[in-house]
>>> print(open('start.cif').read())   # mmCIF, C-alpha atoms
data_final
loop_
_atom_site.label_atom_id
_atom_site.label_comp_id
_atom_site.auth_asym_id
_atom_site.auth_seq_id
_atom_site.Cartn_x
_atom_site.Cartn_y
_atom_site.Cartn_z
CA MET A 1 0.00 0.00 0.00
CA ILE A 2 1.42 3.43 -1.02
CA ASN A 3 1.99 5.80 1.88
CA TYR A 4 0.97 9.12 0.31
CA LYS A 5 1.92 11.04 3.46
CA ILE A 6 5.54 10.14 2.68
CA LEU A 7 5.39 10.06 -1.13
CA VAL A 8 3.86 13.50 -1.69
CA PRO A 9 6.52 15.44 0.28
CA LEU A 10 9.25 13.47 -1.50
CA LEU A 11 7.77 14.36 -4.89
CA VAL A 12 7.60 18.01 -3.90
CA VAL A 13 11.26 17.98 -2.90
CA LEU A 14 12.24 16.19 -6.13
CA LEU A 15 10.32 18.61 -8.34
CA SER A 16 11.85 21.54 -6.48
CA MET A 17 15.33 20.15 -7.06
CA LEU A 18 14.63 19.68 -10.78
CA ALA A 19 13.31 23.22 -11.06
CA TYR A 20 16.37 24.54 -9.23
CA MET A 21 18.69 22.70 -11.60
CA GLN A 22 17.09 24.47 -14.55
CA PHE A 23 18.13 27.83 -13.16
CA THR A 24 21.61 27.01 -11.86
CA SER A 25 24.88 26.10 -13.46
CA SER A 26 24.29 22.41 -12.82
CA GLY A 27 21.60 22.46 -15.47
CA ARG A 28 23.72 24.15 -18.13
CA GLU A 29 26.47 23.00 -20.42
CA TYR A 30 29.70 24.99 -20.34
CA SER A 31 33.02 24.40 -22.02
CA LYS A 32 36.02 24.37 -19.69
CA GLU A 33 38.38 24.80 -22.65
CA ILE A 34 39.88 28.28 -22.76
CA ASP A 35 39.78 29.69 -26.27
CA PHE A 36 42.45 32.18 -27.16
CA ILE A 37 41.02 35.57 -26.21
CA ASN A 38 41.32 38.52 -28.56
CA GLY A 39 39.19 40.72 -26.37
CA VAL A 40 38.10 44.28 -25.64
CA SER A 41 37.00 45.89 -22.37
CA TYR A 42 33.65 47.37 -23.33
CA VAL A 43 32.95 50.68 -21.59
CA ALA A 44 29.49 50.79 -20.05
CA PRO A 45 27.19 53.13 -22.03
CA SER A 46 25.46 55.76 -19.91
CA ARG A 47 22.02 55.73 -21.55
CA GLY A 48 21.74 52.65 -23.70
CA LEU A 49 23.27 51.39 -26.92
CA THR A 50 22.53 53.77 -29.79
CA GLU A 51 25.12 52.55 -32.30
CA VAL A 52 24.84 49.25 -34.14
CA PRO A 53 25.90 47.15 -31.12
CA PHE A 54 29.37 45.65 -31.43
CA GLU A 55 29.83 46.21 -35.16
CA SER A 56 33.13 48.00 -34.51
CA VAL A 57 34.27 45.20 -32.18
CA VAL A 58 33.58 42.52 -34.79
CA ASN A 59 35.44 44.59 -37.40
CA LEU A 60 38.47 44.55 -35.10
CA HIS A 61 38.46 40.72 -35.34
CA ALA A 62 37.86 40.51 -31.60
CA ASN A 63 36.17 37.34 -30.35
CA TRP A 64 35.53 38.27 -26.68
CA VAL A 65 34.28 41.30 -24.76
CA ALA A 66 34.49 42.10 -21.06
CA ALA A 67 31.22 43.52 -19.71
CA MET A 68 31.82 45.57 -16.57
CA PRO A 69 29.13 46.43 -13.99
CA PHE A 70 30.16 48.77 -11.17
CA ALA A 71 29.64 48.96 -7.42
CA PHE A 72 30.64 51.83 -5.14
CA ILE A 73 32.20 52.18 -1.68
CA ASP A 74 32.43 55.45 0.26
CA GLY A 75 36.11 55.54 1.20
CA ASN A 76 37.29 53.06 3.80
CA THR A 77 33.78 52.06 4.85
CA PRO A 78 32.33 48.55 4.60
CA ASN A 79 29.10 49.00 2.63
CA VAL A 80 28.97 48.13 -1.08
CA ARG A 81 26.30 49.84 -3.20
CA TYR A 82 25.33 48.63 -6.67
CA ASN A 83 22.52 48.45 -9.23
CA HIS A 84 21.32 51.90 -8.17
CA GLU A 85 18.96 53.83 -10.44
CA ARG A 86 21.36 56.79 -10.51
CA GLN A 87 24.14 54.67 -12.02
CA TRP A 88 24.82 54.60 -15.72
CA TRP A 89 22.53 52.22 -17.58
CA GLY A 90 25.43 50.03 -18.70
CA GLU A 91 26.73 49.60 -15.14
CA ARG A 92 23.45 48.20 -13.81
CA ALA A 93 21.95 44.74 -14.13
CA GLU A 94 19.53 45.80 -16.88
CA GLY A 95 22.23 47.32 -19.04
CA ILE A 96 24.70 44.51 -18.44
CA ALA A 97 22.13 41.90 -19.48
CA LYS A 98 21.35 43.80 -22.70
CA THR A 99 25.03 44.30 -23.42
CA ILE A 100 25.65 40.56 -23.05
CA GLU A 101 22.67 39.70 -25.27
CA HIS A 102 23.91 42.03 -28.02
CA ALA A 103 27.45 40.64 -27.76
CA LYS A 104 26.21 37.08 -28.09
CA SER A 105 24.00 37.97 -31.04
CA ASN A 106 27.25 39.04 -32.74
CA LYS A 107 28.86 35.68 -31.89
CA LEU A 108 31.16 37.24 -29.29
CA LYS A 109 32.04 35.43 -26.08
CA VAL A 110 31.78 37.32 -22.82
CA MET A 111 33.63 37.71 -19.55
CA LEU A 112 31.49 39.39 -16.88
CA LYS A 113 33.89 41.41 -14.75
CA PRO A 114 32.34 43.37 -11.83
CA HIS A 115 34.33 46.45 -10.80
CA VAL A 116 34.34 48.52 -7.61
CA TRP A 117 34.97 52.27 -7.38
CA VAL A 118 36.18 53.52 -4.00
CA LYS A 119 35.20 57.14 -3.38
CA GLY A 120 38.17 59.39 -2.70
CA GLN A 121 40.75 56.94 -4.05
CA GLY A 122 39.18 55.14 -7.00
CA TRP A 123 41.55 52.18 -6.97
CA THR A 124 40.56 49.13 -4.93
CA GLY A 125 44.22 48.31 -4.23
CA ASP A 126 44.44 50.75 -1.32
CA TYR A 127 41.15 49.67 0.24
CA LYS A 128 41.30 48.45 3.84
CA LEU A 129 39.13 48.39 6.94
CA ALA A 130 39.85 48.93 10.63
CA SER A 131 37.90 46.20 12.43
CA GLU A 132 36.74 42.62 12.13
CA GLN A 133 33.12 43.77 12.28
CA GLU A 134 33.65 46.08 9.31
CA TRP A 135 35.36 43.32 7.33
CA GLU A 136 32.42 40.98 7.98
CA THR A 137 29.97 43.63 6.78
CA TRP A 138 32.03 44.21 3.65
CA GLU A 139 32.32 40.50 2.93
CA LYS A 140 28.54 40.09 3.13
CA ASP A 141 27.85 43.10 0.91
CA TYR A 142 30.52 42.18 -1.62
CA THR A 143 29.32 38.57 -1.77
CA ASP A 144 25.78 39.78 -2.50
CA TYR A 145 27.15 41.98 -5.30
CA ILE A 146 29.21 39.23 -6.89
CA LEU A 147 26.54 36.53 -6.61
CA THR A 148 23.94 38.85 -8.15
CA TYR A 149 26.04 39.10 -11.28
CA ALA A 150 27.16 35.47 -11.18
CA ARG A 151 23.49 34.48 -11.43
CA ILE A 152 23.03 36.85 -14.37
CA ALA A 153 26.14 35.35 -15.97
CA ASP A 154 24.73 31.86 -15.59
CA SER A 155 21.27 32.79 -16.85
CA LEU A 156 22.81 34.23 -20.04
CA GLN A 157 25.45 31.49 -20.37
CA VAL A 158 28.36 33.87 -20.12
CA GLU A 159 31.61 32.04 -20.77
CA ALA A 160 33.79 33.54 -18.01
CA PHE A 161 33.26 35.37 -14.72
CA CYS A 162 35.73 37.44 -12.67
CA VAL A 163 35.17 37.52 -8.89
CA GLY A 164 37.17 40.72 -8.30
CA LEU A 165 40.12 42.76 -9.38
CA GLU A 166 43.11 44.59 -7.97
CA PHE A 167 42.22 44.15 -4.27
CA LYS A 168 45.88 44.47 -3.37
CA ASN A 169 45.39 44.74 0.39
CA VAL A 170 42.25 42.61 0.69
CA VAL A 171 43.79 39.47 -0.84
CA ILE A 172 46.49 39.63 1.83
CA GLU A 173 44.16 40.50 4.72
CA ARG A 174 41.27 38.16 3.78
CA PRO A 175 42.56 35.37 1.50
CA GLU A 176 40.12 32.79 2.86
CA PHE A 177 37.23 35.05 1.93
CA PHE A 178 38.10 34.87 -1.75
CA LYS A 179 38.47 31.10 -1.64
CA GLY A 180 35.02 30.85 -0.12
CA LEU A 181 33.60 33.38 -2.58
CA ILE A 182 34.85 31.37 -5.55
CA SER A 183 33.18 28.29 -4.07
CA GLU A 184 29.90 30.19 -3.67
CA VAL A 185 30.10 31.48 -7.24
CA ARG A 186 30.53 27.94 -8.56
CA LYS A 187 27.26 26.94 -6.87
CA VAL A 188 25.30 29.32 -9.09
CA TYR A 189 27.52 29.64 -12.16
CA GLY A 190 29.10 26.94 -14.28
CA GLY A 191 31.50 28.75 -16.58
CA LEU A 192 35.15 29.70 -16.22
CA VAL A 193 36.04 31.59 -13.03
CA THR A 194 39.00 33.91 -12.51
CA TYR A 195 40.36 36.77 -10.41
CA ALA A 196 42.18 39.78 -11.91
CA ALA A 197 45.32 40.74 -10.00
CA ASN A 198 47.21 43.94 -10.63
CA TRP A 199 50.64 43.58 -12.23
CA ASP A 200 52.43 44.45 -8.97
CA ASN A 201 50.83 41.95 -6.59
CA TYR A 202 49.85 38.78 -8.44
CA GLN A 203 52.52 37.01 -6.36
CA ASN A 204 50.49 37.76 -3.21
CA VAL A 205 47.37 35.95 -4.41
CA SER A 206 47.14 32.67 -2.50
CA PHE A 207 44.07 31.21 -4.22
CA TRP A 208 45.20 30.71 -7.82
CA LYS A 209 44.50 26.98 -7.43
CA SER A 210 40.81 27.81 -7.06
CA VAL A 211 40.39 29.56 -10.42
CA ASP A 212 40.28 28.24 -13.98
CA PHE A 213 42.79 30.72 -15.37
CA ILE A 214 45.05 33.35 -13.83
CA GLY A 215 43.94 36.90 -14.56
CA ILE A 216 46.49 39.72 -14.59
CA ASN A 217 45.99 43.39 -15.38
CA ALA A 218 49.20 43.85 -17.31
CA TYR A 219 50.19 47.48 -16.82
CA PHE A 220 53.83 46.60 -16.20
CA PRO A 221 56.21 49.60 -16.35
CA LEU A 222 58.72 48.85 -19.09
CA SER A 223 60.44 52.07 -20.09
CA GLN A 224 60.43 55.70 -18.98
CA GLU A 225 61.38 56.91 -22.46
CA ALA A 226 58.88 59.10 -24.26
CA THR A 227 58.81 56.79 -27.30
CA PRO A 228 60.77 53.56 -26.70
CA SER A 229 61.34 51.32 -29.69
CA VAL A 230 59.67 47.94 -30.11
CA ALA A 231 63.04 46.23 -29.61
CA THR A 232 63.66 48.14 -26.36
CA LEU A 233 60.27 47.11 -25.04
CA GLU A 234 60.69 43.47 -26.06
CA THR A 235 63.94 43.37 -24.07
CA ALA A 236 62.22 45.04 -21.13
CA TRP A 237 59.57 42.31 -21.15
CA ASP A 238 62.11 39.49 -20.65
CA VAL A 239 62.14 39.39 -16.84
CA GLU A 240 58.39 39.78 -16.43
CA LYS A 241 57.72 37.20 -19.12
CA GLY A 242 59.92 34.69 -17.27
CA ASN A 243 58.13 35.35 -14.00
CA LEU A 244 54.72 34.92 -15.61
CA ARG A 245 55.79 31.66 -17.27
CA LYS A 246 56.91 30.34 -13.88
CA LEU A 247 53.56 31.32 -12.36
CA SER A 248 51.65 29.49 -15.08
CA LYS A 249 53.84 26.41 -14.69
CA LYS A 250 53.58 26.42 -10.88
CA TYR A 251 49.79 26.30 -10.89
CA ARG A 252 49.43 24.52 -14.25
CA LYS A 253 46.99 27.17 -15.37
CA PRO A 254 47.03 29.54 -18.35
CA ILE A 255 47.32 33.28 -17.93
CA VAL A 256 44.92 35.82 -19.43
CA PHE A 257 45.63 39.54 -19.44
CA THR A 258 42.28 40.58 -18.00
CA GLU A 259 43.35 44.12 -18.88
CA PHE A 260 46.17 45.43 -21.04
CA GLY A 261 46.71 48.63 -22.94
CA TYR A 262 48.57 51.89 -23.39
CA ARG A 263 47.61 55.52 -23.76
CA SER A 264 48.61 57.45 -26.87
CA MET A 265 51.05 59.81 -25.16
CA ASP A 266 54.67 60.15 -24.05
CA LYS A 267 55.88 57.48 -21.60
CA ALA A 268 52.86 55.29 -22.32
CA ALA A 269 54.88 52.16 -21.49
CA GLY A 270 56.21 53.53 -18.23
CA ASN A 271 54.51 54.27 -14.91
CA GLN A 272 51.05 54.54 -16.36
CA TRP A 273 49.43 55.50 -13.07
CA GLU A 274 51.55 58.64 -12.96
CA LEU A 275 50.55 59.99 -16.37
CA GLU A 276 48.55 63.19 -16.44
CA HIS A 277 44.84 62.62 -16.53
CA HIS A 278 42.40 64.93 -18.29
CA ARG A 279 38.71 64.16 -18.34
CA LYS A 280 38.53 64.66 -22.11
CA TYR A 281 42.09 63.33 -22.67
CA THR A 282 43.20 66.48 -24.46
CA GLY A 283 46.80 67.61 -24.64
CA GLN A 284 49.81 66.34 -26.53
CA SER A 285 49.28 62.89 -28.02
CA ASN A 286 51.94 60.39 -29.11
CA MET A 287 50.53 57.73 -31.38
CA LYS A 288 53.90 56.08 -32.03
CA ALA A 289 54.43 55.36 -28.32
CA GLN A 290 51.09 53.54 -28.23
CA GLU A 291 51.83 51.63 -31.45
CA ASN A 292 55.24 50.43 -30.28
CA ALA A 293 53.93 49.33 -26.89
CA TYR A 294 51.15 47.23 -28.39
CA GLN A 295 53.44 45.73 -31.01
CA ALA A 296 55.98 44.68 -28.36
CA LEU A 297 53.31 43.09 -26.17
CA PHE A 298 51.85 41.09 -29.05
CA LYS A 299 55.29 39.96 -30.25
CA THR A 300 56.26 38.92 -26.72
CA PHE A 301 53.14 37.00 -25.67
CA TRP A 302 50.71 36.19 -28.48
CA GLU A 303 52.79 33.25 -29.69
CA GLU A 304 53.11 31.61 -26.25
CA SER A 305 50.90 28.58 -25.55
CA TRP A 306 50.56 29.38 -21.82
CA ILE A 307 49.13 32.82 -22.57
CA ARG A 308 45.49 32.79 -23.62
CA GLY A 309 45.29 36.38 -24.82
CA GLY A 310 43.49 39.19 -23.09
CA PHE A 311 41.19 42.20 -23.10
CA LEU A 312 42.53 45.52 -24.35
CA TRP A 313 41.62 48.60 -22.31
CA LYS A 314 39.32 50.13 -23.52
CA TRP A 315 36.62 50.29 -26.21
CA TYR A 316 33.84 52.88 -26.28
CA PRO A 317 30.34 52.47 -27.65
CA ASN A 318 29.21 55.62 -29.48
CA HIS A 319 32.88 56.60 -29.81
CA ASP A 320 32.24 59.57 -32.10
CA ASP A 321 30.31 61.26 -29.30
CA LYS A 322 33.07 60.74 -26.72
CA LEU A 323 36.50 61.72 -28.06
CA ASN A 324 38.21 63.22 -31.06
CA ALA A 325 40.67 61.03 -32.93
CA ASP A 326 43.73 62.84 -31.55
CA ASN A 327 43.02 62.09 -27.89
CA SER A 328 45.54 60.67 -25.41
CA ASP A 329 43.13 58.12 -23.90
CA TYR A 330 43.73 54.37 -23.76
CA THR A 331 41.25 53.59 -26.52
CA PRO A 332 42.82 52.52 -29.83
CA GLN A 333 39.71 53.54 -31.77
CA LYS A 334 40.43 55.50 -34.96
CA LYS A 335 44.14 55.62 -34.16
CA PRO A 336 47.03 54.01 -36.08
CA VAL A 337 47.37 51.28 -33.44
CA GLU A 338 43.93 49.95 -34.36
CA ASN A 339 45.36 48.44 -37.55
CA ILE A 340 48.11 46.70 -35.55
CA ILE A 341 45.53 45.19 -33.20
CA ARG A 342 43.32 44.14 -36.09
CA LYS A 343 46.24 42.32 -37.72
CA TRP A 344 47.21 40.38 -34.58
CA TYR A 345 43.62 39.61 -33.64
CA LYS A 346 42.91 38.25 -37.11
CA ILE A 347 45.80 35.84 -37.46
CA HIS A 348 46.60 34.67 -33.93
CA GLU A 349 44.55 31.92 -32.41
CA HIS A 350 45.82 28.99 -30.35
CA PRO A 351 44.60 25.43 -29.81
CA ALA A 352 43.40 24.51 -26.35
CA HIS A 353 46.41 22.30 -25.53
CA ILE A 354 48.99 23.97 -23.30
CA ASP A 355 52.52 22.70 -22.66
CA TYR A 356 53.61 23.51 -19.11
#
>>> encode(input="start.cif", output="structure tokens")
Amino acid sequence: MINYKILVPLLVVLLSMLAYMQFTSSGREYSKEIDFINGVSYVAPSRGLTEVPFESVVNLHANWVAAMPFAFIDGNTPNVRYNHERQWWGERAEGIAKTIEHAKSNKLKVMLKPHVWVKGQGWTGDYKLASEQEWETWEKDYTDYILTYARIADSLQVEAFCVGLEFKNVVIERPEFFKGLISEVRKVYGGLVTYAANWDNYQNVSFWKSVDFIGINAYFPLSQEATPSVATLETAWDVEKGNLRKLSKKYRKPIVFTEFGYRSMDKAAGNQWELEHHRKYTGQSNMKAQENAYQALFKTFWEESWIRGGFLWKWYPNHDDKLNADNSDYTPQKKPVENIIRKWYKIHEHPAHIDY
């Protein structure tokens, strides 16, 4: 005789589990192979996409884009604010979802890469808190932020997800938090997971074993000359290239430059964080410095099997409305370097096999 008092609750639980699987990574198929990434960091549009979405990206022969929502912290305080109606459209969940949909309709793969802006300092690298209670509040808020976008990434079958970037102090102070966060992300998202370390502290990241590929924002200072030659820059890359190869071999994981790029101005390949910043990027430009820096990076890394490419910084939607062609910004759009990038992006792809 069937005991319906037992059977019915069991059926309810089973149906609930099946429904849950449909909306989590366990119900989706993802490739764990890492294609070679010829990518762009796509700047969030403020009021929607008015150009033909991603036509210029496809014409560059790019195959990936990084979509970048933003959260905000008021100085060294613990609360993380995001998805606020006063944010730019492209930085919120609605805009990010539309951006991803448009990218995929153009056969582009996507890395969802949530950023944080710290009021008064901008860069997350200097962020720190004074007490355990504040750290616990921050960890809860930041986890909510990351899991919100991890669920969006899974729902739209985004190929890669970045759990954070350039938290120079935090990865030292709270390394176990990031290990746990990666584990939580994998419960709701089934694609490739990474973390993006700044060039000057990737050695301090203790959780590289937990990610699928090592992300590095590759703003390495190479030369303080105004316009160093390609050969000079290739030589300057030797030490850093060796260190990165050792890192990849140690963890048996490929490296992706989650950001790379150079401004079109004097000393573009030097201490980039010290270069003068103008909101409209006016002033004296130096296109040759940008060209040489890109050429040296591609010649140094794009032939290596343990490097899986990267995302240039940065690419504007509606570019004609933003900057004139003679600007000193990072963007390569409508500058001579764009043809160099197009050439390398068109001809350089790697098979999935990596020799460590």
>>> atom_distance(input="start.cif", atom1="CA of Tyr330 in chain A", atom2="CA of Thr124 in chain A")
19.8 Å
>>> resolve_selection(input="start.cif", expression="the PyMOL selection byres ((chain A and resi 98-105) around 8)", output="list in words")
Pro53, Phe54, Val65, Ala67, Gly90, Glu94, Gly95, Ile96, Ala97, Asn106, Lys107, Leu108, Lys109, Val110, Leu156 and Val158 of chain A
>>> closest_residue(input="start.cif", among="A:Arg174, A:Lys209, A:Lys334, A:His115", to="Leu247 in chain A", atoms="all atoms listed in the file")
A:Lys209
>>> residues_near_point(input="start.cif", point="(48.0, 27.7, -7.9)", cutoff="7 Å", atoms="all atoms listed in the file", output="list in words")
Phe207, Trp208, Lys209, Lys250 and Tyr251 of chain A
>>> residues_around(input="start.cif", residues="Asp141 in chain A", least_positions_apart="6", cutoff="8 Å", atoms="all atoms listed in the file", output="count of residues only")
3
>>> closest_residue(input="start.cif", among="A:Gln290, A:Ser305, A:Asn204, A:Gln87", to="Thr331 in chain A", atoms="only C-alpha atoms")
A:Gln290
>>> closest_residue(input="start.cif", among="A:Tyr316, A:Tyr82, A:Phe298, A:Phe257", to="Ile214 in chain A", atoms="only C-alpha atoms")
A:Phe257
>>> resolve_selection(input="start.cif", expression="the PyMOL selection byres ((chain A and resi 68) around 8)", output="mmCIF file with C-alpha atoms, keeping the file's coordinate frame")
data_model
loop_
_atom_site.group_PDB
_atom_site.id
_atom_site.type_symbol
_atom_site.label_atom_id
_atom_site.label_comp_id
_atom_site.auth_asym_id
_atom_site.auth_seq_id
_atom_site.Cartn_x
_atom_site.Cartn_y
_atom_site.Cartn_z
ATOM 1 C CA SER A 41 37.000 45.890 -22.370
ATOM 2 C CA TYR A 42 33.650 47.370 -23.330
ATOM 3 C CA VAL A 43 32.950 50.680 -21.590
ATOM 4 C CA ALA A 44 29.490 50.790 -20.050
ATOM 5 C CA ALA A 66 34.490 42.100 -21.060
ATOM 6 C CA ALA A 67 31.220 43.520 -19.710
ATOM 7 C CA PRO A 69 29.130 46.430 -13.990
ATOM 8 C CA PHE A 70 30.160 48.770 -11.170
ATOM 9 C CA GLU A 91 26.730 49.600 -15.140
ATOM 10 C CA ILE A 96 24.700 44.510 -18.440
ATOM 11 C CA LEU A 112 31.490 39.390 -16.880
ATOM 12 C CA LYS A 113 33.890 41.410 -14.750
ATOM 13 C CA PRO A 114 32.340 43.370 -11.830
ATOM 14 C CA HIS A 115 34.330 46.450 -10.800
#
>>> closest_residue(input="start.cif", among="A:Ser328, A:Asn318, A:Thr300, A:Gln295", to="Ile340 in chain A", atoms="only C-alpha atoms")
A:Gln295
>>> resolve_selection(input="start.cif", expression="the PyMOL selection byres ((chain A and resi 39) around 10)", output="ChimeraX atom specification")
/A:36-38,40-42,57,60-66,108-111,257-260,309-315,345
>>> closest_residue(input="start.cif", among="A:Trp273, A:Trp135, A:Trp199, A:Tyr294", to="Ser229 in chain A", atoms="all atoms listed in the file")
A:Tyr294
>>> residues_around(input="start.cif", residues="Phe213 in chain A", least_positions_apart="3", cutoff="6 Å", atoms="only C-alpha atoms", output="list in words")
Thr194, Lys253, Pro254 and Ile255 of chain A
>>> closest_atom_pairs(input="start.cif", of="range 183-240 of chain A", to="range 144-155 of chain A", cutoff="9 Å", atoms="only C-alpha atoms", output="JSON lines")
{"residue": "A:Glu184", "atom": "CA", "partner": "A:Leu147", "partner_atom": "CA", "distance": 7.8}
{"residue": "A:Val185", "atom": "CA", "partner": "A:Leu147", "partner_atom": "CA", "distance": 6.2}
{"residue": "A:Arg186", "atom": "CA", "partner": "A:Ala150", "partner_atom": "CA", "distance": 8.7}
{"residue": "A:Val188", "atom": "CA", "partner": "A:Arg151", "partner_atom": "CA", "distance": 5.9}
{"residue": "A:Tyr189", "atom": "CA", "partner": "A:Asp154", "partner_atom": "CA", "distance": 4.9}
{"residue": "A:Gly190", "atom": "CA", "partner": "A:Asp154", "partner_atom": "CA", "distance": 6.7}
{"residue": "A:Gly191", "atom": "CA", "partner": "A:Asp154", "partner_atom": "CA", "distance": 7.5}
>>> write_last_selection(input="start.cif", atoms="C-alpha atoms", output="PDB file, keeping the file's coordinate frame")
ATOM      1  CA  GLU A 184      29.900  30.190  -3.670  1.00  0.00           C
ATOM      2  CA  VAL A 185      30.100  31.480  -7.240  1.00  0.00           C
ATOM      3  CA  ARG A 186      30.530  27.940  -8.560  1.00  0.00           C
ATOM      4  CA  VAL A 188      25.300  29.320  -9.090  1.00  0.00           C
ATOM      5  CA  TYR A 189      27.520  29.640 -12.160  1.00  0.00           C
ATOM      6  CA  GLY A 190      29.100  26.940 -14.280  1.00  0.00           C
ATOM      7  CA  GLY A 191      31.500  28.750 -16.580  1.00  0.00           C
TER       8      GLY A 191
END
>>> atom_distance(input="start.cif", atom1="CA of Leu192 in chain A", atom2="CA of Lys343 in chain A")
27.3 Å
>>> residues_near_point(input="start.cif", point="(47.7, 57.1, -13.8)", cutoff="12 Å", atoms="all atoms listed in the file", output="VMD selection string")
chain A and resid 121 to 123 219 221 262 to 263 267 to 278 329 to 330
>>> atom_distance(input="start.cif", atom1="CA of Tyr195 in chain A", atom2="CA of Gly75 in chain A")
22.5 Å
>>> closest_residue(input="start.cif", among="A:Arg86, A:Lys168, A:His350, A:Arg92", to="Pro45 in chain A", atoms="all atoms listed in the file")
A:Arg92
>>> build_atoms(input="start.cif", residues="range 297-311 of chain A", atoms="N, CA and C atoms", output="CSV table (one decimal), keeping the file's coordinate frame")
chain,number,residue,atom,x,y,z
A,297,LEU,N,54.1,44.0,-27.0
A,297,LEU,CA,53.3,43.1,-26.2
A,297,LEU,C,52.9,41.9,-27.0
A,298,PHE,N,52.3,42.2,-28.2
A,298,PHE,CA,51.8,41.1,-29.0
A,298,PHE,C,53.0,40.2,-29.5
A,299,LYS,N,54.1,40.8,-29.8
A,299,LYS,CA,55.3,40.0,-30.2
A,299,LYS,C,55.8,39.1,-29.1
A,300,THR,N,55.7,39.6,-27.9
A,300,THR,CA,56.3,38.9,-26.7
A,300,THR,C,55.4,37.8,-26.3
A,301,PHE,N,54.0,38.0,-26.3
A,301,PHE,CA,53.1,37.0,-25.7
A,301,PHE,C,52.2,36.3,-26.6
A,302,TRP,N,51.8,36.8,-27.7
A,302,TRP,CA,50.7,36.2,-28.5
A,302,TRP,C,51.1,34.9,-29.2
A,303,GLU,N,52.4,34.5,-29.1
A,303,GLU,CA,52.8,33.2,-29.7
A,303,GLU,C,53.0,32.2,-28.6
A,304,GLU,N,52.8,32.5,-27.4
A,304,GLU,CA,53.1,31.6,-26.2
A,304,GLU,C,51.9,30.8,-25.9
A,305,SER,N,52.0,29.5,-25.8
A,305,SER,CA,50.9,28.6,-25.6
A,305,SER,C,50.3,28.8,-24.2
A,306,TRP,N,51.1,29.2,-23.2
A,306,TRP,CA,50.6,29.4,-21.8
A,306,TRP,C,49.8,30.7,-21.6
A,307,ILE,N,49.9,31.6,-22.6
A,307,ILE,CA,49.1,32.8,-22.6
A,307,ILE,C,47.9,32.6,-23.4
A,308,ARG,N,46.7,33.0,-22.9
A,308,ARG,CA,45.5,32.8,-23.6
A,308,ARG,C,44.9,34.1,-24.0
A,309,GLY,N,45.8,35.1,-24.3
A,309,GLY,CA,45.3,36.4,-24.8
A,309,GLY,C,44.9,37.3,-23.7
A,310,GLY,N,43.9,38.2,-24.1
A,310,GLY,CA,43.5,39.2,-23.1
A,310,GLY,C,42.5,40.2,-23.6
A,311,PHE,N,42.2,41.2,-22.8
A,311,PHE,CA,41.2,42.2,-23.1
A,311,PHE,C,41.9,43.6,-23.1
